[in-house]
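Structure data (mmCIF, C-alpha atoms) from entry24.cif:
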data_my_file
#
loop_
_atom_site.label_atom_id
_atom_site.label_comp_id
_atom_site.auth_asym_id
_atom_site.auth_seq_id
_atom_site.Cartn_x
_atom_site.Cartn_y
_atom_site.Cartn_z
CA MET A 39 -32.97 117.79 -103.25
CA THR A 40 -32.62 120.85 -101.10
CA TRP A 41 -30.39 120.85 -98.02
CA ARG A 42 -33.33 119.82 -95.86
CA HIS A 43 -33.83 116.67 -97.83
CA LYS A 44 -30.30 115.44 -97.92
CA ALA A 45 -29.31 112.38 -95.97
CA ARG A 46 -26.87 113.41 -93.30
CA GLY A 47 -26.05 109.99 -91.95
CA TYR A 48 -23.49 107.69 -93.44
CA GLY A 49 -22.03 104.25 -93.09
CA VAL A 50 -18.65 102.69 -93.75
CA ILE A 51 -18.25 98.98 -94.51
CA THR A 52 -14.73 97.71 -94.00
CA ASP A 53 -13.99 94.42 -95.70
CA PRO A 54 -10.34 93.29 -95.81
CA ASP A 55 -11.10 90.80 -98.56
CA PRO A 56 -13.66 92.45 -100.84
CA PRO A 57 -14.98 90.89 -104.05
CA LYS A 58 -12.99 91.72 -107.16
CA GLY A 59 -13.70 95.23 -108.31
CA PHE A 60 -14.70 96.49 -104.88
CA ARG A 61 -12.63 98.54 -102.49
CA CYS A 62 -11.78 97.58 -98.91
CA GLN A 63 -13.90 100.45 -97.65
CA THR A 64 -17.34 101.20 -99.01
CA GLU A 65 -19.09 104.37 -97.89
CA PHE A 66 -22.76 105.13 -98.32
CA ASP A 67 -25.29 107.69 -97.16
CA VAL A 68 -28.16 106.79 -94.89
CA ALA A 69 -31.27 108.53 -93.64
CA GLU A 70 -34.03 107.50 -91.30
CA CYS A 71 -37.66 107.43 -92.38
CA SER A 72 -39.49 110.35 -90.76
CA HIS A 73 -42.56 108.16 -90.29
CA CYS A 74 -41.39 104.68 -89.25
CA ASN A 75 -37.74 105.36 -88.33
CA LYS A 76 -36.42 102.63 -90.62
CA VAL A 77 -32.97 103.19 -92.05
CA ILE A 78 -32.91 104.13 -95.73
CA MET A 79 -29.74 103.44 -97.67
CA ILE A 80 -29.34 106.16 -100.24
CA LYS A 81 -28.27 105.13 -103.72
CA PRO A 82 -26.36 107.81 -105.62
CA GLY A 83 -28.50 109.48 -108.24
CA VAL A 84 -31.71 107.88 -107.02
CA ASP A 85 -34.42 110.12 -105.62
CA VAL A 86 -35.55 109.50 -102.07
CA HIS A 87 -39.27 109.63 -101.26
CA ARG A 88 -40.41 112.70 -99.37
CA CYS A 89 -43.61 113.34 -97.47
CA THR A 90 -45.41 116.32 -98.99
CA CYS A 91 -47.06 117.05 -95.63
CA CYS A 92 -44.25 116.96 -93.03
CA ASP A 93 -41.49 117.38 -95.63
CA GLY A 94 -39.39 114.56 -94.19
CA LEU A 95 -37.59 111.78 -96.02
CA ILE A 96 -39.63 108.59 -95.95
CA CYS A 97 -39.03 104.97 -96.90
CA ALA A 98 -40.77 103.26 -99.82
CA GLU A 99 -43.04 101.35 -97.44
CA CYS A 100 -44.46 104.58 -96.01
CA VAL A 101 -45.27 106.11 -99.38
CA GLY A 102 -49.01 106.61 -99.86
CA LYS A 103 -49.91 105.81 -96.25
CA GLY A 104 -50.56 109.38 -95.15
CA CYS A 105 -48.47 111.53 -92.86
CA ASP A 106 -47.82 109.89 -89.49
CA PRO A 107 -44.60 111.40 -88.13
CA LEU A 108 -42.45 109.38 -85.75
CA GLU A 109 -42.90 112.03 -83.05
CA GLU A 110 -46.65 111.38 -83.08
CA LYS A 111 -46.10 107.63 -82.97
CA LEU A 112 -43.80 107.94 -79.94
CA ARG A 113 -46.41 110.09 -78.20
CA ARG A 114 -49.12 107.53 -78.92
CA TRP A 115 -47.00 104.65 -77.62
CA GLU A 116 -46.26 106.58 -74.45
CA ASN A 117 -49.92 107.54 -73.93
CA ARG A 118 -51.06 103.97 -74.50
CA ALA A 119 -48.55 102.67 -71.94
CA SER A 120 -49.69 105.30 -69.40
CA LEU A 121 -53.32 104.35 -69.98
CA MET A 122 -52.60 100.64 -69.58
CA LYS A 123 -50.72 101.34 -66.37
CA ALA A 124 -53.57 103.48 -65.03
CA MET A 125 -56.16 100.83 -65.94
CA SER A 126 -54.19 98.06 -64.25
CA GLY A 127 -54.08 100.14 -61.08
CA MET B 232 -28.69 115.83 -73.97
CA ALA B 233 -25.69 113.61 -73.53
CA ARG B 234 -24.18 110.70 -75.42
CA TYR B 235 -23.47 107.28 -73.97
CA SER B 236 -21.72 104.15 -75.15
CA THR B 237 -22.67 100.52 -74.55
CA ASN B 238 -20.89 97.46 -75.92
CA ASN B 239 -21.13 93.72 -75.48
CA ARG B 240 -17.72 93.40 -73.89
CA MET B 241 -18.85 95.36 -70.86
CA GLY B 242 -20.11 92.30 -69.02
CA GLY B 243 -21.29 88.74 -69.21
CA THR B 244 -20.10 86.17 -71.71
CA GLN B 245 -20.35 86.78 -75.40
CA GLN B 246 -22.78 84.34 -76.99
CA ALA B 247 -21.75 82.38 -80.08
CA LEU B 248 -23.86 82.97 -83.16
CA THR B 249 -26.30 80.40 -84.43
CA THR B 250 -28.75 80.24 -87.30
CA THR B 251 -31.31 82.23 -85.29
CA PHE B 252 -30.87 85.74 -83.98
CA LYS B 253 -28.79 86.18 -80.84
CA SER B 254 -29.31 89.50 -79.09
CA GLN B 255 -26.06 91.25 -78.31
CA VAL B 256 -26.89 94.68 -76.90
CA SER B 257 -30.17 96.30 -75.94
CA LEU B 258 -31.05 99.78 -74.77
CA ALA B 259 -34.41 100.45 -73.18
CA ALA B 260 -36.30 102.94 -71.07
CA ALA B 261 -36.89 102.04 -67.42
CA THR B 262 -39.67 103.19 -65.08
CA ALA B 263 -37.30 104.61 -62.46
CA THR B 264 -35.63 106.93 -64.95
CA LEU B 265 -38.16 107.12 -67.74
CA MET B 266 -36.92 108.99 -70.79
CA ARG B 267 -36.70 108.76 -74.54
CA GLY B 268 -33.47 107.92 -76.27
CA SER B 269 -32.03 107.51 -79.73
CA VAL B 270 -29.21 105.46 -81.15
CA MET B 271 -27.00 107.85 -83.09
CA ASP B 272 -24.10 105.67 -84.03
CA ILE B 273 -23.46 101.94 -84.12
CA ASP B 274 -20.54 99.76 -85.11
CA PHE B 275 -20.37 96.02 -85.35
CA GLY B 276 -18.38 93.17 -86.80
CA PRO B 277 -17.06 89.69 -86.06
CA ASP B 278 -15.13 89.18 -82.82
CA GLY B 279 -13.43 85.91 -83.67
CA ALA B 280 -11.55 84.00 -86.34
CA PRO B 281 -13.49 83.62 -89.59
CA ASN B 282 -15.03 80.31 -90.53
CA ALA B 283 -13.13 78.22 -93.10
CA THR B 284 -16.25 78.32 -95.26
CA ASP B 285 -16.84 81.83 -96.46
CA CYS B 286 -20.20 83.04 -95.23
CA GLN B 287 -22.31 85.96 -94.15
CA ILE B 288 -23.37 87.39 -90.81
CA VAL B 289 -26.77 89.03 -90.69
CA TYR B 290 -27.12 92.02 -88.36
CA ASP B 291 -30.41 93.55 -87.26
CA ILE B 292 -31.76 96.33 -85.08
CA SER B 293 -35.35 95.90 -83.92
CA ARG B 294 -37.72 97.20 -81.27
CA LEU B 295 -38.15 95.26 -78.05
CA THR B 296 -40.84 95.30 -75.37
CA SER B 297 -39.42 92.98 -72.71
CA ALA B 298 -36.03 92.51 -71.14
CA GLY B 299 -35.16 88.86 -71.75
CA THR B 300 -32.24 87.41 -69.77
CA ALA B 301 -28.95 89.22 -70.12
CA THR B 302 -26.13 90.91 -68.24
CA ALA B 303 -26.76 94.49 -67.17
CA ALA B 304 -24.37 97.02 -68.69
CA VAL B 305 -24.47 100.63 -67.55
CA PRO B 306 -24.08 102.96 -70.55
CA VAL B 307 -20.88 104.96 -70.22
CA PRO B 308 -21.08 108.75 -70.71
CA ILE B 309 -18.82 109.88 -73.56
CA ASP B 310 -18.39 113.20 -71.76
CA ASN B 311 -17.52 112.34 -68.18
CA THR B 312 -19.30 115.45 -66.90
CA SER B 313 -22.64 113.98 -68.01
CA SER B 314 -24.98 112.48 -65.47
CA ALA B 315 -25.55 108.73 -65.25
CA ALA B 316 -27.65 107.29 -68.06
CA GLY B 317 -31.36 106.82 -67.47
CA THR B 318 -31.51 104.19 -70.19
CA VAL B 319 -30.88 100.60 -69.15
CA GLY B 320 -28.34 98.61 -71.16
CA GLN B 321 -28.24 94.83 -71.40
CA VAL B 322 -25.66 92.72 -73.18
CA ASN B 323 -25.00 89.12 -74.19
CA PHE B 324 -28.50 87.70 -73.94
CA THR B 325 -28.95 84.09 -72.84
CA ALA B 326 -32.74 84.28 -73.30
CA GLU B 327 -34.07 86.43 -76.09
CA PRO B 328 -36.16 89.52 -75.30
CA THR B 329 -39.60 90.03 -76.85
CA VAL B 330 -38.97 91.65 -80.20
CA THR B 331 -41.90 93.43 -81.79
CA ALA B 332 -42.95 91.66 -84.98
CA ALA B 333 -41.96 93.42 -88.20
CA SER B 334 -40.14 96.14 -86.27
CA SER B 335 -36.72 95.82 -87.84
CA LEU B 336 -35.29 99.29 -88.36
CA TYR B 337 -32.10 98.17 -90.02
CA MET B 338 -30.91 94.82 -91.29
CA ILE B 339 -27.82 94.09 -93.30
CA ALA B 340 -25.90 90.97 -94.28
CA LEU B 341 -22.14 91.36 -94.40
CA ASN B 342 -19.33 89.00 -95.22
CA GLN B 343 -17.94 87.34 -92.10
CA ARG B 344 -14.73 89.38 -92.44
CA ALA B 345 -16.48 92.71 -92.82
CA SER B 346 -17.45 95.27 -90.22
CA LEU B 347 -19.67 98.32 -90.43
CA ARG B 348 -20.03 101.63 -88.71
CA VAL B 349 -23.13 103.74 -89.27
CA PHE B 350 -23.70 107.31 -88.16
CA PHE B 351 -27.41 108.10 -88.11
CA ASP B 352 -28.92 111.43 -88.99
CA GLN B 353 -31.90 111.74 -86.65
CA GLY B 354 -31.23 108.54 -84.76
CA LEU B 355 -33.24 105.41 -84.10
CA ARG B 356 -35.62 106.50 -81.37
CA TRP B 357 -37.61 104.78 -78.67
CA PRO B 358 -40.46 106.04 -76.45
CA ALA B 359 -40.28 106.83 -72.74
CA THR B 360 -42.13 103.63 -71.89
CA ASN B 361 -40.84 101.00 -69.52
CA LEU B 362 -38.90 98.20 -71.27
CA ASN B 363 -39.38 99.76 -74.70
CA GLY B 364 -36.19 100.18 -76.63
CA LEU B 365 -33.95 98.77 -79.31
CA VAL B 366 -32.01 95.55 -79.55
CA PHE B 367 -29.08 94.70 -81.76
CA ARG B 368 -29.02 91.07 -82.90
CA ALA B 369 -26.96 88.86 -85.21
CA LEU B 370 -27.14 85.44 -86.83
CA SER B 371 -25.13 83.40 -89.26
CA PRO B 372 -25.81 80.13 -91.05
CA THR B 373 -22.13 79.16 -90.79
CA TYR B 374 -20.05 81.49 -88.60
CA THR B 375 -20.24 80.30 -85.00
CA GLY B 376 -17.94 82.81 -83.33
CA ASN B 377 -18.87 86.01 -81.51
CA VAL B 378 -19.65 89.47 -82.78
CA ALA B 379 -18.73 92.75 -81.14
CA THR B 380 -20.92 95.81 -81.22
CA THR B 381 -20.99 99.26 -79.69
CA MET B 382 -24.13 101.37 -79.60
CA PHE B 383 -23.88 105.08 -78.97
CA HIS B 384 -27.07 106.72 -77.85
CA ASP B 385 -28.34 110.17 -76.89
CA GLU B 386 -30.80 110.84 -74.12
#

So, in terms of structure tokens, how does the structure I just supplied come out?
Amino acid sequence: MTWRHKARGYGVITDPDPPKGFRCQTEFDVAECSHCNKVIMIKPGVDVHRCTCCDGLICAECVGKGCDPLEEKLRRWENRASLMKAMSG
Amino acid sequence: MARYSTNNRMGGTQQALTTTFKSQVSLAAATATLMRGSVMDIDFGPDGAPNATDCQIVYDISRLTSAGTATAAVPVPIDNTSSAAGTVGQVNFTAEPTVTAASSLYMIALNQRASLRVFFDQGLRWPATNLNGLVFRALSPTYTGNVATTMFHDE
């Protein structure tokens, strides 16, 4: 992974009574899918899927579905809402 | 862009968990101050004594398209020089909002004694469309206390 593909989000689970063998605090990296915005929990040493078109990290569910960046989705949702509003007068 | 905080102790009465999702905090765009937003940071955990039977609490963040019935909570600017938030916050739902099917962005089951804080990279974003936003919900098959959550968002 290059710097652009690294997850820069992270989470901390605090459990005062963890199962045997686990620590009270568990940290993990997270990223958001560039296409659907779902949170991806990054497992150490496991490659994360990447879109070869927009170059963003994507979740397993978005693999092979073509490039549909979140920004485009947001724009579509907004346009659809504007159209519905205009049609309803 | 400024950052705001909203939590479910800002108003209303915390709702005890049941076996179906109870919405705790929502953030959504509103026609009067239409703008996009993104949740950048969230923390949550139980807000009560644990159940005698060890169990899990399931937490979820999904997209919503209607307000439901809840107490209004005005997001608080983290930097007090920021303007008032355009996003509308609601907390402690007594009637569930309309949650878009299969729109869960993040779901995790934690032990009833555990809490979690997550810092997002790009954020969980919503469009500048009236009543569109994100809702944080929780359920438990056994734990019947409250949960506390704070959502930090940028807009």

Selection result of the PyMOL selection byres ((chain B and resi 335) around 10) on this file, as a list of chain:residue names: A:Asn75, A:Lys76, A:Val77, B:Asp291, B:Ile292, B:Ser293, B:Arg294, B:Leu295, B:Val330, B:Thr331, B:Ala332, B:Ala333, B:Ser334, B:Leu336, B:Tyr337, B:Met338, B:Leu365, B:Val366, B:Phe367

Any chance you could work out the axis-aligned box around segment 106-124 of chain A, listed atoms only, 5 Å on each side, giving centre and edge lengths in Å to one decimal, as JSON?
{"center_x": -48.0, "center_y": 106.3, "center_z": -77.3, "size_x": 21.1, "size_y": 21.4, "size_z": 34.5}

Enumerate, as a PDB file with C-alpha atoms, keeping the file's coordinate frame, the residues matched when the PyMOL selection byres ((chain B) within 10 of (chain A)) is run on the file above.
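Saved file out18.pdb follows:
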ATOM      1  CA  ARG B 267     -36.700 108.760 -74.540  1.00  0.00           C
ATOM      2  CA  MET B 271     -27.000 107.850 -83.090  1.00  0.00           C
ATOM      3  CA  ASP B 272     -24.100 105.670 -84.030  1.00  0.00           C
ATOM      4  CA  ILE B 273     -23.460 101.940 -84.120  1.00  0.00           C
ATOM      5  CA  ASP B 274     -20.540  99.760 -85.110  1.00  0.00           C
ATOM      6  CA  PHE B 275     -20.370  96.020 -85.350  1.00  0.00           C
ATOM      7  CA  GLY B 276     -18.380  93.170 -86.800  1.00  0.00           C
ATOM      8  CA  ILE B 292     -31.760  96.330 -85.080  1.00  0.00           C
ATOM      9  CA  SER B 293     -35.350  95.900 -83.920  1.00  0.00           C
ATOM     10  CA  SER B 334     -40.140  96.140 -86.270  1.00  0.00           C
ATOM     11  CA  SER B 335     -36.720  95.820 -87.840  1.00  0.00           C
ATOM     12  CA  LEU B 336     -35.290  99.290 -88.360  1.00  0.00           C
ATOM     13  CA  TYR B 337     -32.100  98.170 -90.020  1.00  0.00           C
ATOM     14  CA  MET B 338     -30.910  94.820 -91.290  1.00  0.00           C
ATOM     15  CA  LEU B 341     -22.140  91.360 -94.400  1.00  0.00           C
ATOM     16  CA  ASN B 342     -19.330  89.000 -95.220  1.00  0.00           C
ATOM     17  CA  GLN B 343     -17.940  87.340 -92.100  1.00  0.00           C
ATOM     18  CA  ARG B 344     -14.730  89.380 -92.440  1.00  0.00           C
ATOM     19  CA  ALA B 345     -16.480  92.710 -92.820  1.00  0.00           C
ATOM     20  CA  SER B 346     -17.450  95.270 -90.220  1.00  0.00           C
ATOM     21  CA  LEU B 347     -19.670  98.320 -90.430  1.00  0.00           C
ATOM     22  CA  ARG B 348     -20.030 101.630 -88.710  1.00  0.00           C
ATOM     23  CA  VAL B 349     -23.130 103.740 -89.270  1.00  0.00           C
ATOM     24  CA  PHE B 350     -23.700 107.310 -88.160  1.00  0.00           C
ATOM     25  CA  PHE B 351     -27.410 108.100 -88.110  1.00  0.00           C
ATOM     26  CA  ASP B 352     -28.920 111.430 -88.990  1.00  0.00           C
ATOM     27  CA  GLN B 353     -31.900 111.740 -86.650  1.00  0.00           C
ATOM     28  CA  GLY B 354     -31.230 108.540 -84.760  1.00  0.00           C
ATOM     29  CA  LEU B 355     -33.240 105.410 -84.100  1.00  0.00           C
ATOM     30  CA  ARG B 356     -35.620 106.500 -81.370  1.00  0.00           C
ATOM     31  CA  TRP B 357     -37.610 104.780 -78.670  1.00  0.00           C
ATOM     32  CA  PRO B 358     -40.460 106.040 -76.450  1.00  0.00           C
ATOM     33  CA  ALA B 359     -40.280 106.830 -72.740  1.00  0.00           C
ATOM     34  CA  THR B 360     -42.130 103.630 -71.890  1.00  0.00           C
ATOM     35  CA  ASN B 361     -40.840 101.000 -69.520  1.00  0.00           C
ATOM     36  CA  ASN B 363     -39.380  99.760 -74.700  1.00  0.00           C
TER      37      ASN B 363
END

Expected answer as a ChimeraX atom specification: all residues with atoms within 12 Å of (-11.9, 83.9, -85.3), only C-alpha atoms: /B:247,276-283,343-344,374-379

Please list as a compact mmCIF listing (two decimals) with C-alpha atoms, in the coordinates of the input every residue within 7 Å of Asn323 of chain B, counting only C-alpha atoms and excluding residues in the same chain fewer than 3 positions away.
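Written output follows (result.txt):
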# COMPACT_ATOMS: atom_id res chain seq x y z
CA ASN B 239 -21.13 93.72 -75.48
CA GLY B 243 -21.29 88.74 -69.21
CA THR B 244 -20.10 86.17 -71.71
CA GLN B 245 -20.35 86.78 -75.40
CA GLN B 246 -22.78 84.34 -76.99
CA SER B 254 -29.31 89.50 -79.09
CA GLN B 255 -26.06 91.25 -78.31
CA VAL B 256 -26.89 94.68 -76.90
CA ALA B 301 -28.95 89.22 -70.12
CA THR B 302 -26.13 90.91 -68.24

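Proximity to Asp85 of chain A was assessed for A:Ala98, A:His73, A:Ala124, A:Phe60 counting all atoms listed in the file; the smallest distance is recorded for A:Ala98.
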
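Our summary of the geometry notes that atom CA of Val319 of chain B is positioned 23.6 Å from atom CA of Leu248 of chain B.
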
Please write a file for segment 66-107 of chain A, taken from the block I just shared, that holds N, CA and C atoms and is laid out as a tab-separated table (two decimals), in the first residue's frame.
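For reference, selection.tsv as written:
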chain	number	residue	atom	x	y	z
A	66	PHE	N	-7.78	-0.72	16.41
A	66	PHE	CA	-7.81	-1.23	15.04
A	66	PHE	C	-7.95	-0.07	14.08
A	67	ASP	N	-7.51	-0.30	12.85
A	67	ASP	CA	-7.61	0.73	11.81
A	67	ASP	C	-8.94	0.59	11.09
A	68	VAL	N	-9.48	1.70	10.66
A	68	VAL	CA	-10.69	1.67	9.85
A	68	VAL	C	-10.52	2.59	8.64
A	69	ALA	N	-11.30	2.30	7.62
A	69	ALA	CA	-11.37	3.17	6.44
A	69	ALA	C	-12.82	3.16	6.00
A	70	GLU	N	-13.19	4.12	5.18
A	70	GLU	CA	-14.54	4.12	4.64
A	70	GLU	C	-14.46	3.79	3.15
A	71	CYS	N	-15.42	3.00	2.70
A	71	CYS	CA	-15.46	2.63	1.28
A	71	CYS	C	-15.68	3.89	0.45
A	72	SER	N	-14.86	4.08	-0.57
A	72	SER	CA	-14.97	5.27	-1.42
A	72	SER	C	-16.23	5.26	-2.27
A	73	HIS	N	-16.87	4.09	-2.38
A	73	HIS	CA	-18.06	3.99	-3.22
A	73	HIS	C	-19.35	4.02	-2.41
A	74	CYS	N	-19.43	3.22	-1.33
A	74	CYS	CA	-20.70	3.14	-0.59
A	74	CYS	C	-20.62	3.76	0.79
A	75	ASN	N	-19.45	4.15	1.22
A	75	ASN	CA	-19.24	4.84	2.51
A	75	ASN	C	-19.29	3.89	3.72
A	76	LYS	N	-19.41	2.59	3.48
A	76	LYS	CA	-19.42	1.67	4.61
A	76	LYS	C	-18.06	1.64	5.28
A	77	VAL	N	-18.08	1.35	6.57
A	77	VAL	CA	-16.83	1.32	7.33
A	77	VAL	C	-16.15	-0.03	7.12
A	78	ILE	N	-14.87	0.02	6.80
A	78	ILE	CA	-14.08	-1.20	6.59
A	78	ILE	C	-13.12	-1.33	7.76
A	79	MET	N	-13.20	-2.46	8.45
A	79	MET	CA	-12.23	-2.69	9.53
A	79	MET	C	-11.02	-3.37	8.90
A	80	ILE	N	-9.87	-2.78	9.11
A	80	ILE	CA	-8.66	-3.27	8.47
A	80	ILE	C	-7.99	-4.32	9.34
A	81	LYS	N	-7.76	-5.48	8.76
A	81	LYS	CA	-7.05	-6.53	9.49
A	81	LYS	C	-5.56	-6.43	9.15
A	82	PRO	N	-4.71	-6.46	10.15
A	82	PRO	CA	-3.28	-6.35	9.89
A	82	PRO	C	-2.80	-7.43	8.91
A	83	GLY	N	-2.05	-7.00	7.92
A	83	GLY	CA	-1.47	-7.94	6.97
A	83	GLY	C	-2.40	-8.39	5.87
A	84	VAL	N	-3.65	-7.91	5.91
A	84	VAL	CA	-4.61	-8.29	4.89
A	84	VAL	C	-4.80	-7.13	3.93
A	85	ASP	N	-4.69	-7.41	2.64
A	85	ASP	CA	-4.85	-6.35	1.65
A	85	ASP	C	-6.28	-5.84	1.60
A	86	VAL	N	-6.42	-4.54	1.40
A	86	VAL	CA	-7.73	-3.93	1.27
A	86	VAL	C	-8.00	-3.74	-0.22
A	87	HIS	N	-9.24	-3.94	-0.64
A	87	HIS	CA	-9.59	-3.76	-2.04
A	87	HIS	C	-9.44	-2.29	-2.44
A	88	ARG	N	-9.07	-2.07	-3.65
A	88	ARG	CA	-8.86	-0.71	-4.15
A	88	ARG	C	-9.48	-0.61	-5.54
A	89	CYS	N	-10.15	0.50	-5.79
A	89	CYS	CA	-10.75	0.71	-7.11
A	89	CYS	C	-9.65	1.15	-8.07
A	90	THR	N	-9.53	0.47	-9.19
A	90	THR	CA	-8.47	0.80	-10.14
A	90	THR	C	-8.82	2.04	-10.96
A	91	CYS	N	-10.05	2.52	-10.83
A	91	CYS	CA	-10.47	3.71	-11.58
A	91	CYS	C	-10.28	4.98	-10.75
A	92	CYS	N	-10.93	5.02	-9.55
A	92	CYS	CA	-10.83	6.24	-8.72
A	92	CYS	C	-9.71	6.14	-7.70
A	93	ASP	N	-9.12	4.95	-7.57
A	93	ASP	CA	-7.97	4.75	-6.70
A	93	ASP	C	-8.31	4.79	-5.21
A	94	GLY	N	-9.60	4.69	-4.88
A	94	GLY	CA	-9.97	4.73	-3.47
A	94	GLY	C	-10.09	3.34	-2.87
A	95	LEU	N	-10.02	3.26	-1.55
A	95	LEU	CA	-10.25	1.99	-0.87
A	95	LEU	C	-11.72	1.65	-0.98
A	96	ILE	N	-12.03	0.40	-1.25
A	96	ILE	CA	-13.44	0.00	-1.36
A	96	ILE	C	-13.68	-1.27	-0.55
A	97	CYS	N	-14.95	-1.47	-0.19
A	97	CYS	CA	-15.30	-2.65	0.60
A	97	CYS	C	-15.47	-3.85	-0.34
A	98	ALA	N	-15.52	-5.04	0.23
A	98	ALA	CA	-15.63	-6.27	-0.57
A	98	ALA	C	-16.91	-6.28	-1.39
A	99	GLU	N	-17.98	-5.67	-0.84
A	99	GLU	CA	-19.25	-5.69	-1.56
A	99	GLU	C	-19.23	-4.83	-2.82
A	100	CYS	N	-18.33	-3.86	-2.88
A	100	CYS	CA	-18.27	-2.97	-4.04
A	100	CYS	C	-17.29	-3.45	-5.11
A	101	VAL	N	-16.58	-4.52	-4.80
A	101	VAL	CA	-15.62	-5.04	-5.78
A	101	VAL	C	-16.37	-5.60	-6.99
A	102	GLY	N	-15.93	-5.22	-8.17
A	102	GLY	CA	-16.51	-5.75	-9.40
A	102	GLY	C	-17.80	-5.10	-9.83
A	103	LYS	N	-18.19	-4.02	-9.15
A	103	LYS	CA	-19.45	-3.35	-9.50
A	103	LYS	C	-19.22	-2.06	-10.28
A	104	GLY	N	-18.01	-1.83	-10.73
A	104	GLY	CA	-17.73	-0.60	-11.45
A	104	GLY	C	-17.44	0.55	-10.50
A	105	CYS	N	-16.96	1.64	-11.07
A	105	CYS	CA	-16.59	2.78	-10.23
A	105	CYS	C	-17.77	3.75	-10.09
A	106	ASP	N	-18.28	3.85	-8.88
A	106	ASP	CA	-19.39	4.78	-8.60
A	106	ASP	C	-19.05	5.50	-7.29
A	107	PRO	N	-18.22	6.54	-7.39
A	107	PRO	CA	-17.73	7.21	-6.18
A	107	PRO	C	-18.87	7.81	-5.35
